[in-house]
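Worksheet: one structure, shown below.
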Amino acid sequence: MSFLSNYIKEVYGAVSSLLIGMKRTGYYLTHNKEVITEEYPEFRAKMADRFRGEVVMTHDAQNEHACTGCSACELACPNGTIKILNKFDITPEGKKKKAIDSFVYHLELCTMCNLCIVACPTDAIKMSQNFEHSVYDRRLLTKQLNFPGSKLREGVE
Amino acid sequence: MFSIENILNSFHKWLGSMLNQTNVMLIEMALIAFFAITLFAILGLVLVYLERKVSAFIQIRKGPNRVGPFGIFQTTADTLKLIVKESFMPDKVDKFLYQLAPFIVMITAMLLLAPIPFARGVQIWNINIGVFYVTAVSSLSVIGILMAGWASSNKYSLLGAMRSGAQIVSYELSAGMAILSIIVLTGSLNLQDIIASQENGWWIFKGHIPALVAFVIYIIAVTAETNRAPFDLAEAESELTGGFHTEYAGMRFALFFLAEYINIFIVCAIGATLFFGGWMPFHIGNWQAFNHVMDFIPSSIWFFGKTFFLILLIMWFRWTFPRLRVDQLLNLEWKYLLPISMLNLLVMTLIAIKGWHF
Amino acid sequence: MRNVVETTPEGNMVLNVGPQHPSTHGVLHLFITVNGETILNLDPNIGYIHRSIEKMCESLSYRQFIYSTSRMDYLSAHMNNHGCALTVEKGLQVEVPVRAEVIRVIISELTRLASHQLWWGSLAMDLGALSPFFYAFREREMITDIMEETCGARLTMNYIVPGGVMADIHPDFQRKVKEFIVQFKSKIGEYHELVTNNVIFQNRTKGIGILSKEDAISYGCTGPTARGSGLSCDMRKIYPYSAYKNIQFNEILETEGDSFARYMVRMREMEESVNIIEQLIDNIPEGEFLAKTKAVLKLPKGEFYTRLETARGELGVYIVSEGGTTPYRIKFRSPGFSNLSALNHMIKGHKIGDLVSVMGTLDLVIPDIDR
């Protein structure tokens, strides 16, 4: 007889545990307000301020940046993402002055580790919050970060 | 009052007035074949869409919402994609069986549409052994699945097919027992008779607790028979990567996929007919006023409403429960469902003999 | 790469599970010998995602190499970084500010929670219940949002650097963590309702894949896998590092050693992590978050080893230094590798369906095994 009562208990326990689970999913089935997903292209989430999307160089209104071409970021980068090509400007006094010719950034190699930003002594580069990096051509991922015609801001050493 | 039966009858008379008897029959057969294929396609689209929406709501998502309003054309778009997709065939398959298998599964599903009463007086084939026909033909689909698993020459497919074989063969027993307990009450295998016997109330209410138990067993057994989660061991995505249809792609895969949904519709339609009175409106005994109000709702709406309620129930199972293991699956059938349904059948017989049901 | 065989000489079928298989969660390749549905032997074949992180680290400086360890066990990226930072600090003899220690522990525990939630969802999904995955991600999303705000990334954060943390916590950090705790506590009952108490789930996990305490020791299992067998191996308790010295918490132990015990260890660990965070979140001391270190780090000549508890078990970081700016040799003792080695022992004689549940409760992360 204990066999039979155990059998009935087992069946009852099993069925009730299944019904509890169904009650839970049934709650979500009937409560559409619980939906948490968002529709992406119409709704673009605002990324946090610190979100590391890609490296950009800040330029002010006069098209001036703060990069002295010291290569600290290039040395800090673990992947060889950054290549700085320097040139020498001749100042009016006739002295040679080092300046960047182009700041080449390989987005396809970047792991967004933030080490270059930390290394930069003049805060010339920062992380932007752009996360949509897809392009149709791989060459487009190699970027020149200094704008054409831009020059070093006065007073930044 | 709107009635599909009247439309069909007047159409039949109109055809008969123009053509002789043989031609009328030929035209009607062609129309019915066309109707069956159309229903097959539409049901597939609707049920896949429904499943995706139900799963999305349970999983706190939105579900398809891009193609058309509320994404209702999403499944149409998917079907178009599957049609234009290359029907890739692996190198070492048994070509004849590999190509035949999806059609066997689909034809089986289509054959089952025949005896289902869709509305008052609307039935493709009023066969006097309707229930028996359904149980017999539905077991044929296992042949198609075994064929697919064997012909794919893939170990995963073979394992899936073997699991499916064991599963369908054993679960047919308790599904049959559950059906029998209603047959005992009705005394007829004809689906129209079964519906007519529920004129003054559905069997699930009239048959006391045994009818309820039979209904629960029927739902569990047909869920297993149609290879739906939690009994989807034949496909078992996380174990067998797709089971018997691992090697199928494009439209051949789509046929398996559609056949699964048609099978769900059919078993739910049979379940609705046996336990919920098919197209019979909700009647309470001899309360004429109430019954008359209920009769104003067309019978086809009653039928599809009940069927979709059961389909929803089966979908709800799928998105809630984990999958059983293969030995537990057989344990459940042979140690729990079959003894309970046998006992239930005995009790039901007693009720029927003594006339204790309402 | 060994030859792929169809059958064994005894006539048993050899089934290739992976390298692409839904339940291996990565490119793990298992040769399983089956007789019908019963598994007779299992032979893991690893190395598909070997990126030679240890060798790469030898050419990177002590600041640089830490980022690459996030890619080992990406689900406990913080703990990997933490282990490396601890080892470098040990070599440099740097005193880490108390504030940084506390932040590190809170972030580590959040990572553990996120990792366990992902594991919970994917275990349920492996067993065929697809919905719990989404419920797990609902809460996990709150953690990744917190990570995004404070650390700047959602998965591979590289937030912990030698000497402290890269940036101070975000002003919203404490409020958001408290919000998460409230949400998590209200939903943990739902986790149990849906999965733990479910009769099908219990049948699938109870008595399956039993690993005795002795076997756990001999296979070198650590983490929740070993604690499910009653082996006390929580590095946070045995060798308390960072701020764990000052926290009251329990080491979770279960004695059965089956899949369900491992499952329960992780479920209870989540609640314990919440307990740790609750103790710390209001008591983050003021002060510096980063100790002053030299611009170029040089470890003295010698060997340095630290071990700590990741979400999967014990991670050992071993650095051999010749006194230069880059390590001479680095070795990581990853928890997943040892845990995987016990799989054959656990799975023998069970069914193919059990492979999924046992592998799920081992919580394998394949990049952690291959490195």
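Each chain in the structure tokens gets a letter, A, B, ..., in the order shown, and its residues are numbered from 1; ligands are numbered from 1 in order too.
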
### Message
as a list in words, please: the residues near Gln62 (chain A) (cut-off 12 Å, only C-alpha atoms, same-chain neighbours under 6 positions excluded).
### Response
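After dropping sequence-adjacent residues, the list is Phe147, Gly149, Ser150, Lys151, Leu152, Arg153 and Glu154 of chain A.
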
### Query
For chain C, which residues have at least one atom within 7 Å of chain B, if we go by only C-alpha atoms? Write them as number ranges by chain, please.
C: 21-23, 124, 126-131, 134, 200-201, 204, 353, 356

### Task
Any chance you could list, as a PyMOL selection string, the residues in region 58-132 of chain C that come up alpha helix (DSSP H) when DSSP is run on the backbone?
chain C and resi 58+65-69+77-92+98-126+132

Kindly assemble as JSON lines a list of the chain A residues that lie within 10 Å of chain C, each paired with its nearest atom pair and their distance in Å to one decimal, using only C-alpha atoms, sorted first by chain and then by ascending residue number.
{"residue": "A:Glu10", "atom": "CA", "partner": "C:Val199", "partner_atom": "CA", "distance": 9.7}
{"residue": "A:Val11", "atom": "CA", "partner": "C:Val199", "partner_atom": "CA", "distance": 10.0}
{"residue": "A:Gly13", "atom": "CA", "partner": "C:Val199", "partner_atom": "CA", "distance": 8.0}
{"residue": "A:Ala14", "atom": "CA", "partner": "C:Val199", "partner_atom": "CA", "distance": 5.4}
{"residue": "A:Val15", "atom": "CA", "partner": "C:Val199", "partner_atom": "CA", "distance": 8.2}
{"residue": "A:Ser16", "atom": "CA", "partner": "C:Val199", "partner_atom": "CA", "distance": 9.1}
{"residue": "A:Ser17", "atom": "CA", "partner": "C:Asn198", "partner_atom": "CA", "distance": 5.4}
{"residue": "A:Leu18", "atom": "CA", "partner": "C:Asn198", "partner_atom": "CA", "distance": 6.1}
{"residue": "A:Leu19", "atom": "CA", "partner": "C:Asn198", "partner_atom": "CA", "distance": 9.3}
{"residue": "A:Ile20", "atom": "CA", "partner": "C:Glu193", "partner_atom": "CA", "distance": 6.6}
{"residue": "A:Gly21", "atom": "CA", "partner": "C:Leu194", "partner_atom": "CA", "distance": 4.8}
{"residue": "A:Met22", "atom": "CA", "partner": "C:Leu194", "partner_atom": "CA", "distance": 8.2}
{"residue": "A:Lys23", "atom": "CA", "partner": "C:Leu194", "partner_atom": "CA", "distance": 9.4}
{"residue": "A:Arg24", "atom": "CA", "partner": "C:Leu194", "partner_atom": "CA", "distance": 7.2}
{"residue": "A:Thr25", "atom": "CA", "partner": "C:Ser131", "partner_atom": "CA", "distance": 8.2}
{"residue": "A:Val35", "atom": "CA", "partner": "C:Arg138", "partner_atom": "CA", "distance": 9.8}
{"residue": "A:Ile36", "atom": "CA", "partner": "C:Arg138", "partner_atom": "CA", "distance": 7.4}
{"residue": "A:Thr37", "atom": "CA", "partner": "C:Arg138", "partner_atom": "CA", "distance": 9.2}
{"residue": "A:Met47", "atom": "CA", "partner": "C:Glu148", "partner_atom": "CA", "distance": 8.1}
{"residue": "A:Ala48", "atom": "CA", "partner": "C:Glu149", "partner_atom": "CA", "distance": 5.2}
{"residue": "A:Asp49", "atom": "CA", "partner": "C:Glu149", "partner_atom": "CA", "distance": 6.9}
{"residue": "A:Arg50", "atom": "CA", "partner": "C:Gly152", "partner_atom": "CA", "distance": 4.7}
{"residue": "A:Phe51", "atom": "CA", "partner": "C:Gly152", "partner_atom": "CA", "distance": 4.1}
{"residue": "A:Arg52", "atom": "CA", "partner": "C:Gly152", "partner_atom": "CA", "distance": 5.4}
{"residue": "A:Gly53", "atom": "CA", "partner": "C:Ala153", "partner_atom": "CA", "distance": 8.6}
{"residue": "A:Leu75", "atom": "CA", "partner": "C:Gln64", "partner_atom": "CA", "distance": 9.8}
{"residue": "A:Ala76", "atom": "CA", "partner": "C:Gln64", "partner_atom": "CA", "distance": 7.1}
{"residue": "A:Cys77", "atom": "CA", "partner": "C:Gln64", "partner_atom": "CA", "distance": 7.3}
{"residue": "A:Pro78", "atom": "CA", "partner": "C:Gln64", "partner_atom": "CA", "distance": 5.5}
{"residue": "A:Asn79", "atom": "CA", "partner": "C:Gln64", "partner_atom": "CA", "distance": 9.2}
{"residue": "A:Thr111", "atom": "CA", "partner": "C:Tyr67", "partner_atom": "CA", "distance": 8.4}
{"residue": "A:Met112", "atom": "CA", "partner": "C:Ala153", "partner_atom": "CA", "distance": 8.3}
{"residue": "A:Cys113", "atom": "CA", "partner": "C:Asn158", "partner_atom": "CA", "distance": 5.9}
{"residue": "A:Asn114", "atom": "CA", "partner": "C:Asn158", "partner_atom": "CA", "distance": 7.9}
{"residue": "A:Leu115", "atom": "CA", "partner": "C:Gln64", "partner_atom": "CA", "distance": 7.7}
{"residue": "A:Val118", "atom": "CA", "partner": "C:Met166", "partner_atom": "CA", "distance": 8.3}
{"residue": "A:Ala119", "atom": "CA", "partner": "C:Ala295", "partner_atom": "CA", "distance": 9.0}
{"residue": "A:Met127", "atom": "CA", "partner": "C:Gly152", "partner_atom": "CA", "distance": 9.4}
{"residue": "A:Gln129", "atom": "CA", "partner": "C:Gly152", "partner_atom": "CA", "distance": 9.6}

### Task
Name the residues in contact with region 6-10 of chain C at a cut-off of 12 Å, using only C-alpha atoms, excluding same-chain residues fewer than 5 positions from it; report them as a PyMOL selection string.
(chain B and resi 153-155) or (chain C and resi 15-16+31-35+40-41)

With N, CA and C atoms retained, export the selected residues as an mmCIF file, in the first residue's frame.
data_model
loop_
_atom_site.group_PDB
_atom_site.id
_atom_site.type_symbol
_atom_site.label_atom_id
_atom_site.label_comp_id
_atom_site.auth_asym_id
_atom_site.auth_seq_id
_atom_site.Cartn_x
_atom_site.Cartn_y
_atom_site.Cartn_z
ATOM 1 N N SER B 153 22.599 9.107 -43.757
ATOM 2 C CA SER B 153 23.909 8.527 -43.414
ATOM 3 C C SER B 153 24.697 9.480 -42.515
ATOM 4 N N ASN B 154 24.023 9.880 -41.455
ATOM 5 C CA ASN B 154 24.633 10.734 -40.449
ATOM 6 C C ASN B 154 24.284 10.107 -39.104
ATOM 7 N N LYS B 155 25.280 10.031 -38.222
ATOM 8 C CA LYS B 155 25.022 9.331 -36.954
ATOM 9 C C LYS B 155 23.997 10.069 -36.104
ATOM 10 N N LEU C 15 31.105 8.768 -32.033
ATOM 11 C CA LEU C 15 30.335 9.951 -32.408
ATOM 12 C C LEU C 15 31.199 11.175 -32.151
ATOM 13 N N ASN C 16 31.296 12.028 -33.162
ATOM 14 C CA ASN C 16 32.067 13.258 -32.994
ATOM 15 C C ASN C 16 31.136 14.346 -32.499
ATOM 16 N N PHE C 31 35.336 13.038 -28.793
ATOM 17 C CA PHE C 31 35.067 11.747 -29.424
ATOM 18 C C PHE C 31 34.336 10.919 -28.388
ATOM 19 N N ILE C 32 33.094 10.563 -28.641
ATOM 20 C CA ILE C 32 32.444 9.695 -27.668
ATOM 21 C C ILE C 32 32.133 8.349 -28.306
ATOM 22 N N THR C 33 32.476 7.291 -27.600
ATOM 23 C CA THR C 33 32.177 5.941 -28.054
ATOM 24 C C THR C 33 30.856 5.553 -27.438
ATOM 25 N N VAL C 34 29.887 5.239 -28.281
ATOM 26 C CA VAL C 34 28.563 4.940 -27.754
ATOM 27 C C VAL C 34 28.110 3.553 -28.172
ATOM 28 N N ASN C 35 27.399 2.918 -27.261
ATOM 29 C CA ASN C 35 26.702 1.677 -27.574
ATOM 30 C C ASN C 35 25.221 2.017 -27.476
ATOM 31 N N LEU C 40 30.323 4.948 -23.627
ATOM 32 C CA LEU C 40 31.302 4.039 -23.052
ATOM 33 C C LEU C 40 32.608 4.764 -22.736
ATOM 34 N N ASN C 41 32.962 5.706 -23.583
ATOM 35 C CA ASN C 41 34.235 6.386 -23.399
ATOM 36 C C ASN C 41 34.139 7.779 -24.020
#

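For the atom pair formed by CA of Ser70 (chain C) and CA of Pro300 (chain C), the distance is 24.9 Å, given to one decimal.
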